[in-house]
Structures are given as structure tokens and as C-alpha cells.
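Single-structure report; data block below.
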Amino acid sequence: MRSFGGDDTIFADMDRLNPNTQTYQPETLPEREAELNDLHSTLEPAAQGYDPINAFVYGPTGQGKTVGIGLKTTQLQQYADKHDKDVCVVHVRCKGMEKSYHVMTHLIKALREKQYGPGEELPSGHPKKTLFEMIISELEAIGGTVIVILDEIDAIGNDDYVLYELSRANPEDVRLSLIGITNDYRFRDNLNADVRSSLGEDEIEFAPYDANQLRNILARRAAGGLRDTSFSDPDNPFETLESDVLAEDAIPLASAYAAQDSGDAREAIKLMFRACRFADDAGEAAVTAEHVQEAHEYLERAAVERGIRSLPMQRALALLTVTQATITGTKAAETKDLHDIYEVFCNDVDADAISERRFRDKLNDLADSGILTKETRGRGQGLGKTNRYELDVKIQTVLDNLEPDSRLGEFVEETLRPRHK
Ligand SMILES: Nc1ncnc2c1ncn2[C@@H]1O[C@H](COP(=O)(O)OP(=O)(O)OP(=O)(O)O)[C@@H](O)[C@H]1O
């Protein structure tokens, strides 16, 4: 059995390579210099005691929006403290909050914690209007300039009450600034026009990182995270990286994968971290491109399995029809034949059957998520086209990942699994 705390590890500081930890936050973001300058300009009036500016920050996931705003607001707070200016920054993560109601309760908690320290309870049992009045009174109790950051605000969907009210609010002796962060471009477009124009005084976009930028990001994270790894030129971390425990082609491969997916730094770091853990667990002396390859396959598989586990009923049924066709030896089954199987399955599990056209949409969604592959073929002259679908995952993966105690899970256990030998 391996013992903990051995000194044969390739890691120097695991937190540096863990994209989810709050313990390590990068201190510089050279790839985001332009966006940080824009943020600086948004925050400058607040620093000078003038009316602060509202802003919308948007861009896909993992682009350094949260960490970038964190860096600039910390800098602003330090400046304000040093120069005796009344500035308070409140950050609310709205992920998972589906309603303005939840955002308001969390905002009240955060505003109270700014005044009384951690441990405040979430208010409960109040109507929306009362919650909003509570927000105003907490803002007035704090006074001065208050910058409220609502991170992943798109979580509230169409329920934009909190934004509507906050963007019109006029608390006494408070200069209020709202910064909304979102990775859903449609969210901003769908907002009430008044809210959109008030919140979007400044708009700052974080575009996806390219492979070159990801290489430098990974090189900087690897430099503190791995043993005997450092770079000599901060302007060219990847080019000047020297390491005894990292093969030259590992970072380029991880960056290429992440760039081709979505340019997401979180994904790139996650991939590199997994590759390093594979190498370390195997007791190997260096992380190589093979470890990155292995980590990529592992994470892809895990993502597909998560995707299957969270499929809604109709999409899961659509997936089961292709699984059934594969088990019985039909390769690349046509929509119509799959829909016939689907109707039988619906009957078996007591679900309402949807039309063939809507069923085809479900199959296409599965193909978009990488669970199926789709091929469009002509049926012959003048006969139009047909789609054929195949599993892009193993039969076993489908069978193992449908919730065992759900209606579909029981059906899988009784009907499909016995047929799959
Ligand atoms: N330029 C960078 N250098 C080093 N690390 C970075 C950089 N950009 C992002 N990261 C890291 O990537 C991860 C994701 O960053 P962050 O949470 O700021 O992204 P985001 O754009 O706010 O994403 P989301 O919309 O999903 O919240 C974090 O671990 C962060 O430290």
C-alpha cells in the first residue's frame, strides 16, 4: 500500500494546478490585459469618489471573468482603504439560483456579512418587495460607494425583478454600482430594455483563449505547481519553461485540446492536472503527452457519463432505441425504425410518445452531445434524405449510467441488459 506524504511526488503545490480550488488565485492575468484595463476604467470613478459605473461582463465559461474582476476589485479595495475612501465590494455567486428571490436573499446575507462578519443566516419567509427594502436598508447602513457583483447572473433566466429594481434603486447616501457577469449572451439580449441599458453602461467581453494563450497559462500554473519547473521570461512563460518533470510536448497537447473545445482555461488546467495526477499515481518521473492523452480520454468519458446520467426522459428513451438497435445488430438505424422501437418502449414504461419529428430532434441533441453519431444519406433519386444514428459510446456505458432506481433504470435492467451479452 502506498503511504501518504511520500517525497517521490512530481508536485510542488497541487493547488496551483487545481482549477477549482479557491486557495490559489493567479496574481496576474497577462492574457487579459485589455479586459483588465476596461475594468479599470469602469471602476476608476468609484475609486475617485464619483458616481460609479454599471457594467456587464460577458464571455464563455473559464475565461478568467471571475478571477479578473476579483483582481481588479481587490486592487480597488486596497486603494480605497489606503486613501480612506468608503468603498465596499460585495460578490454574490448566483449559480444554481433560479429566481431573483434567491439572489436577493444571498445579497442581503452578503451585505450583512460585510458589516458583521461571516455566519449571517439567509433571510426566509419574506415577500419579494420586503426583501428588496431589506437590501436598500443594508446598502444604506453600509453607505459610501457599494459595488455589487452578481456573478453568473444568467441563472435567474427571465425572472429579472432583482436587476430591474436594483438598476432603478436610489438608496440614500449610497453610490451604487452593479456589475453583472454572464456566460450566456442571450441573457443580456432578452433583458428588459431599461435594465439592459442601465446595466450595460459599460460592456466588457472576454473572448475565448487561443492555444498560444493557453500554453502560457499552463506554463505559469505548472511553474508553481510542479517540482523543478520554472520559466525565465514572464512575457514568454511557455517558450522559456524548463522542467525536469514535464515533457516538452505535454503542455502543447493539453492546450490544443482545450483550444479546439472552447478555449476554456478551466478545462485546460483540469486536463493538465489530471495528466499530472496520472503520472504521479503511476510513480513516473515525468508528465508526457501520453498522460495528457489518457487524461483527455478519461475526462471525455466522464463528461459523457455525466451527460447520460442527467438525460431527461424523452432523450433517454431516444438513446435506448439506438442502444436496442445496436444490441440486435442493426448498424446505423434510420429515424423511422428507431421511432417504431420508441413507441413500443413508451408503452412499456408508460410514457407519452412524441411525434417522429420531435423524436428526431432528441436524437440530434444526443448527436450534438457526442453520445450518438449521425449520418445523413440520400434515399435515392427524388426520395429525399434520411438520418441514421449509431452509438458513439459503448453499450455498457449507456446501460450502466441510467439511474438504476428510476422507471427507465428498471426497464433497462429487465429488458435491455439481459439481451446484451
Ligand atoms: N489568464 C489566466 N491565467 C491563469 N489562470 C487562469 C487564467 N484565466 C482563467 N484562469 C483560471 O481558470 C479557472 C476559471 O477562471 P474563472 O472562474 O475566472 O472563469 P470565468 O470566465 O469566470 O468562468 P465561469 O463563467 O465558468 O464562471 C480558474 O481556476 C482561474 O484561476
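Every chain in the C-alpha cells has a letter given in the order shown (A, B, ...), and although residue numbers restart at 1 in each chain, ligands are simply numbered from 1 in the order shown.
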So that each row is one residue of region 226-337 of chain A with an atom at most 10 Å from region 392-397 of chain A, can you give its shortest atom pair and the distance in Å to one decimal, using only C-alpha atoms, rows by chain and rising number, as JSON lines?
```
{"residue": "A:Arg301", "atom": "CA", "partner": "A:Val393", "partner_atom": "CA", "distance": 8.6}
{"residue": "A:Val304", "atom": "CA", "partner": "A:Val393", "partner_atom": "CA", "distance": 8.3}
{"residue": "A:Glu305", "atom": "CA", "partner": "A:Thr397", "partner_atom": "CA", "distance": 7.1}
{"residue": "A:Ile308", "atom": "CA", "partner": "A:Thr397", "partner_atom": "CA", "distance": 8.7}
{"residue": "A:Leu320", "atom": "CA", "partner": "A:Ile395", "partner_atom": "CA", "distance": 9.5}
{"residue": "A:Val322", "atom": "CA", "partner": "A:Ile395", "partner_atom": "CA", "distance": 9.5}
{"residue": "A:Thr323", "atom": "CA", "partner": "A:Ile395", "partner_atom": "CA", "distance": 6.3}
{"residue": "A:Gln324", "atom": "CA", "partner": "A:Ile395", "partner_atom": "CA", "distance": 8.9}
{"residue": "A:Thr326", "atom": "CA", "partner": "A:Ile395", "partner_atom": "CA", "distance": 7.8}
{"residue": "A:Ile327", "atom": "CA", "partner": "A:Ile395", "partner_atom": "CA", "distance": 7.7}
```
Problem set entry | Near-ligand residues for ligand 1, threshold 9 Å, only C-alpha atoms and all ligand atoms, as a ChimeraX atom specification | /A:16-22,24-32,58-70,93,95,151-152,181-184,206,209,213-214,216-218,220-221,264-270
Problem set entry | Atomic distance CA of Leu299 (chain A) - CA of Asn364 (chain A), expressed in Å with one decimal |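 For CA of Leu299 (chain A) relative to CA of Asn364 (chain A), the distance reads 22.6 Å.
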For this session: Please identify which residues in region 2-248 of chain A DSSP calls strand (DSSP E or B) from the backbone, and express them as a PyMOL selection string.
Result: chain A and resi 11+55-58+87-93+144-151+174-182+202-205+226+229-231+241-243+246
Leu372 (chain A) environment, 6 Å, only C-alpha atoms, sequence neighbours closer than 5 positions dropped, as a short mmCIF file (atom, residue, chain, number, x, y, z; two decimals) with C-alpha atoms, in the first residue's frame:
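And here's out.cif as it stands now:
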```cif
data_model
loop_
_atom_site.label_atom_id
_atom_site.label_comp_id
_atom_site.auth_asym_id
_atom_site.auth_seq_id
_atom_site.Cartn_x
_atom_site.Cartn_y
_atom_site.Cartn_z
CA LEU A 366 -27.79 13.33 -28.45
CA ALA A 367 -25.57 13.55 -31.52
CA GLU A 390 -25.20 4.97 -34.15
CA LEU A 391 -23.94 4.86 -30.57
CA ASP A 392 -20.74 6.84 -30.08
#
```
For this session: Name the residues in contact with Phe231 (chain A) at a cut-off of 6 Å, using only C-alpha atoms, excluding same-chain residues fewer than 4 positions from it; report them as a VMD selection string.
Result: chain A and resid 237 240 to 242
For this session: Would you mind listing what lies within 10 Å of Ile156 (chain A) as a PyMOL selection string, with only C-alpha atoms counted and same-chain residues fewer than 2 positions away left out?
Result: chain A and resi 94-103+152-154+158-163+187
For this session: Work out how far apart CA of Arg357 (chain A) and CA of Ala325 (chain A) are and give it in Å to one decimal.
Result: 19.1 Å
For this session: Rounded to one decimal place, report the CA of Thr145 (chain A)-CA of Pro127 (chain A) distance in Å.
Result: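 Computing the Euclidean distance for CA of Thr145 (chain A) and CA of Pro127 (chain A) yields 27.1 Å.
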Exercise. Hey, what's within 6 Å of region 275-288 of chain A if we count only C-alpha atoms and toss same-chain stuff fewer than 3 positions away? As number ranges by chain, please?
Worked result: A: 245-247, 250, 272, 291-292, 295
Exercise. Nearest to Glu375 (chain A) among A:Leu226, A:Ser197, A:Glu300, A:Ala332, with distances taken over only C-alpha atoms: which residue is it?
Worked result: A:Ala332
